[in-house]
Amino acid sequence: DEHRECDVVIIGAGVAGLSAATRLREAGHEVVVLEARDRVGGRLWTREIDGAMLEIGGQWVSPDQSALLETIDALGLETFARYREGQNVYIADGGERVEFLGEQLPVPAETEAEMERLTVVLDELAAAMDPDAPWAHPQARELDTVSFEEWLEAQTDDALARRHISLFIAEAMLTKPAHAFSALQAVFMAASAGSFSNLVDSEFILDRRVVGGLQGVPLALAAALGDRVVLDAPVRRIDHGADGVTVVSDRGTVRGKRVIVAMPPNLFSRIDYQPPLPRRQHQLHQHLSLGLVIKVHAVYDRPFWRDKGLSGTAFSPYELVHEAYDNSNHEDEKGTLVGFVSDEHADEVFALSAEERKQRILTSLVHYFGDEAGEPIVYFESDWGTEEWTRGAYAASYDLGGLTRYGADQRTPVGPIHWACSDFAGHGFQHVDGGIRSGWAAAKDVIAALA
Ligand code: FAD
């Protein structure tokens with residue numbers, strides 16, 4: 001067993017851990033990053049599947065994500081815009097297929113007006129929130145003790161408007177059913193992207209990608225850290241006290257002054273902390289869980305939908321694939337569609353055989369884009385729920401009431417133990433940008449503590 005010494009041990013080589021490590025190095029502190037997997041990047045992963053380059057984890061970058069944009073720039077990575085020329089597709093309840101332009105879904109005029117009104121309500125609630133302290137919102141408790149679904153029911157009698165507004169936050173973001181998280185959690189999701197209007201605007205939120213894949217960010221950060229990053233090193237135990245930490249992994253022991261746990265919070269309790277964590281953390285960590293979504297890639301000889309004047313963008317709360325986009329790679333003649341199957345819909349199709357699931361998902365793409373969509377040359381489903389070191393997608397959120405009850409303590413260090421992950425971010429919550437911000441914030445706290 002290897003034994004190493006450093007100033008700060010970092011657990012997890014996702015963007016949060018690697019961003020913290022980079023900042024600590026810049027401040028002159030020696031670090032060791034212990035990563036459970038045989039690769040860096042965590043929820044960012046670019047894979048070659050049957051000759052196609054696919055981003056099976058996070059990939060999109062939006063203009064407000066300044067921490068991520070700054071990092072991309074500093075690493076010299078290039079970005080490109082998502083293809084979005086032409087008509088979008090919407091499928092109504094009952095199966096009617098409608099092509100439309102712009103962001104407003106083609107719903108009846110009364111529903112459109114009601115959705116606009118609800119957007120203003122949600123924008124106002126989000127504007128009154130500091131994304132770094134959602135629990136301090138003037139209506140925090142009131143909003144956190146009602147599910148988003150029930151809150152919407154109290155706002156409007158228009159079931160169609162409710163169904164569409166909830167799609168943007170439930171299926172598309174938290175990847176949990178709208179009865180399973182609070183209205184405060186929904187307002188926080190909006191505030192963390194600047195506003196509800198930003199969040200529902202795919203032009204904004206799904207703006208650009210990194211050439212070669214967003215995993216290029218953690219790969220480049222890790223390359224600069226060299227052999228300070230140790231792979232295949234799941235951490236099993238942290239002994240901590242006034243004199244520092246001893247971190248025990250499958251690749252040996254690292255001794256340091258402080259440790260940053262940069263893992264998804266649903267996995268925190270897999271580590272044996274000695275002495276055990278305080279009551280508050282024991283409780284807090286039990287109230288966070290990851291959502292579930294299947295990200296599906298279908299690759300074709302060429303982007304056939306473009307020839308029909310379609311953008312590749314599609315939405316329907318009534319389809320198995322609730323949203324889809326053109327996900328063709330930069331300067332690649334092949335065409336790629338990406339679709340998403342969320343929460344209880346994912347449960348339902350995971351109960352089927354792989355072949356039946358594929359047929360159900362491709363049938364949904366055919367509804368949007370026509371028969372050609374049913375015959376991809378490469379087909380791949382990202383299944384983060386089976387990944388031992390993640391266990392869901394995209395990220396973690398609190399159960400009803402959890403955000404106000406525990407949120408303010410989520411980043412509070414326990415002695416020499418600090419916490420960082422996109423799931424604990426304010427701006428950029430659940431996104432790569434937030435992961436970087438939370439890594440930087442933890443590094444700042446550690447630098448202050450070591451001074
Ligand atoms: P992770 O990336 O989860 O990193 C944690 C690391 O800790 C992992 O490498 C893990 O292996 C390691 N680890 C866990 N346990 C241990 C242990 N005991 N010992 C050692 N190491 C351990 N975000 C966007 O901004 N845009 C998107 O388009 C987008 N789409 C997404 C699509 C999918 C399918 C998924 C899954 C996520 C998406 N996200 C997106 C979210 C984004 O990828 C994550 O929020 C972000 O990458 C999380 O970074 P992190 O460092 O906080 O956590």
# chains A, B, ... in the order shown; residues from 1 in each chain; ligands from 1

call {"tool": "residues_near_ligand", "arguments": {"ligand": "ligand 1", "cutoff": "7 Å", "atoms": "only C-alpha atoms and all ligand atoms", "output": "PyMOL selection string"}}
result
chain A and resi 11-17+34-37+40-44+56-61+206+233-236+262-264+267+270-271+293-295+382+384+389-390+393-395+420-423+430-433+435

call {"tool": "select_by_dssp", "arguments": {"residues": "range 103-225 of chain A", "states": "alpha helix (DSSP H)", "output": "number ranges by chain"}}
result
A: 109-127, 140-144, 148-155, 159-169, 183-191, 196-200, 202-205, 216-225

call {"tool": "atom_distance", "arguments": {"atom1": "CA of Pro138 in chain A", "atom2": "CA of Gly194 in chain A"}}
result
17.8 Å

call {"tool": "residues_around", "arguments": {"residues": "Glu331 in chain A", "least_positions_apart": "5", "cutoff": "12 Å", "atoms": "only C-alpha atoms", "output": "list of chain:residue names"}}
result
A:Thr79, A:Phe80, A:Ala81, A:Arg82, A:Tyr83, A:Val211, A:Gly212, A:Arg302

call {"tool": "write_last_selection", "arguments": {"atoms": "N, CA and C atoms", "output": "compact mmCIF listing (two decimals), in the first residue's frame"}}
result
# COMPACT_ATOMS: atom_id res chain seq x y z
N THR A 79 -15.56 26.01 -28.71
CA THR A 79 -16.98 25.66 -28.63
C THR A 79 -17.66 25.85 -29.98
N PHE A 80 -18.82 25.22 -30.15
CA PHE A 80 -19.63 25.42 -31.36
C PHE A 80 -21.10 25.46 -30.96
N ALA A 81 -21.91 26.12 -31.78
CA ALA A 81 -23.33 26.32 -31.47
C ALA A 81 -24.13 25.07 -31.83
N ARG A 82 -25.16 24.79 -31.06
CA ARG A 82 -26.08 23.72 -31.38
C ARG A 82 -26.87 24.08 -32.65
N TYR A 83 -27.06 23.11 -33.54
CA TYR A 83 -27.84 23.34 -34.76
C TYR A 83 -29.31 23.57 -34.38
N VAL A 211 -15.99 21.43 -28.67
CA VAL A 211 -15.50 20.57 -29.75
C VAL A 211 -14.73 19.40 -29.10
N GLY A 212 -15.12 18.18 -29.45
CA GLY A 212 -14.45 17.01 -28.86
C GLY A 212 -15.09 16.54 -27.56
N ARG A 302 -26.75 10.85 -42.29
CA ARG A 302 -26.75 12.31 -42.42
C ARG A 302 -27.93 12.87 -41.62

call {"tool": "residues_around", "arguments": {"residues": "Glu112 in chain A", "least_positions_apart": "6", "cutoff": "12 Å", "atoms": "only C-alpha atoms", "output": "PyMOL selection string"}}
result
chain A and resi 103-106+118-119+158-162+164-165

call {"tool": "residues_around", "arguments": {"residues": "Leu24 in chain A", "least_positions_apart": "3", "cutoff": "9 Å", "atoms": "only C-alpha atoms", "output": "ChimeraX atom specification"}}
result
/A:8,19-21,27-31,440,443-444,446-447

call {"tool": "write_last_selection", "arguments": {"atoms": "N, CA and C atoms", "output": "compact mmCIF listing (two decimals), in the first residue's frame"}}
result
# COMPACT_ATOMS: atom_id res chain seq x y z
N VAL A 8 -3.84 19.05 1.01
CA VAL A 8 -5.29 18.85 0.88
C VAL A 8 -5.57 17.61 0.01
N SER A 19 -11.55 21.31 -10.14
CA SER A 19 -11.50 22.78 -10.08
C SER A 19 -10.94 23.23 -8.72
N ALA A 20 -11.36 22.53 -7.66
CA ALA A 20 -10.82 22.84 -6.32
C ALA A 20 -9.32 22.58 -6.29
N ALA A 21 -8.90 21.44 -6.83
CA ALA A 21 -7.48 21.07 -6.83
C ALA A 21 -6.65 22.11 -7.59
N ALA A 27 -2.64 28.41 -5.41
CA ALA A 27 -2.35 29.10 -4.14
C ALA A 27 -1.14 28.48 -3.44
N GLY A 28 -0.49 27.52 -4.10
CA GLY A 28 0.75 26.95 -3.56
C GLY A 28 0.57 25.76 -2.64
N HIS A 29 -0.63 25.17 -2.60
CA HIS A 29 -0.84 24.00 -1.73
C HIS A 29 -0.68 22.71 -2.51
N GLU A 30 -0.11 21.72 -1.87
CA GLU A 30 0.07 20.41 -2.51
C GLU A 30 -1.21 19.59 -2.34
N VAL A 31 -1.63 18.93 -3.41
CA VAL A 31 -2.90 18.19 -3.38
C VAL A 31 -2.71 16.76 -3.89
N TRP A 440 -14.44 25.86 -6.55
CA TRP A 440 -13.71 27.10 -6.23
C TRP A 440 -14.06 27.58 -4.82
N ALA A 443 -12.31 25.45 -2.28
CA ALA A 443 -10.87 25.76 -2.28
C ALA A 443 -10.62 27.07 -1.52
N LYS A 444 -11.50 28.05 -1.71
CA LYS A 444 -11.36 29.34 -1.03
C LYS A 444 -11.43 29.16 0.49
N VAL A 446 -10.79 26.42 2.17
CA VAL A 446 -9.61 25.66 2.63
C VAL A 446 -8.39 26.57 2.69
N ILE A 447 -8.23 27.42 1.66
CA ILE A 447 -7.08 28.34 1.63
C ILE A 447 -7.14 29.26 2.85

call {"tool": "residues_around", "arguments": {"residues": "range 399-415 of chain A", "least_positions_apart": "6", "cutoff": "6 Å", "atoms": "only C-alpha atoms", "output": "PyMOL selection string"}}
result
chain A and resi 135+144-145+181-182+284+287

call {"tool": "closest_residue", "arguments": {"among": "A:Gly241, A:Gly439, A:Gly213, A:Gly335", "to": "Arg47 in chain A", "atoms": "only C-alpha atoms"}}
result
A:Gly213

call {"tool": "closest_residue", "arguments": {"among": "A:Glu388, A:Asp232, A:Asp239, A:Asp207", "to": "Asp64 in chain A", "atoms": "only C-alpha atoms"}}
result
A:Asp207

call {"tool": "closest_residue", "arguments": {"among": "A:Gln359, A:Gln281, A:Ser342, A:Gln65", "to": "His418 in chain A", "atoms": "only C-alpha atoms"}}
result
A:Gln281

call {"tool": "residues_around", "arguments": {"residues": "Lys358 in chain A", "least_positions_apart": "3", "cutoff": "9 Å", "atoms": "only C-alpha atoms", "output": "VMD selection string"}}
result
chain A and resid 349 353 to 355 361 to 363 379 to 381

call {"tool": "atom_distance", "arguments": {"atom1": "CA of Val230 in chain A", "atom2": "CA of Lys257 in chain A"}}
result
18.3 Å
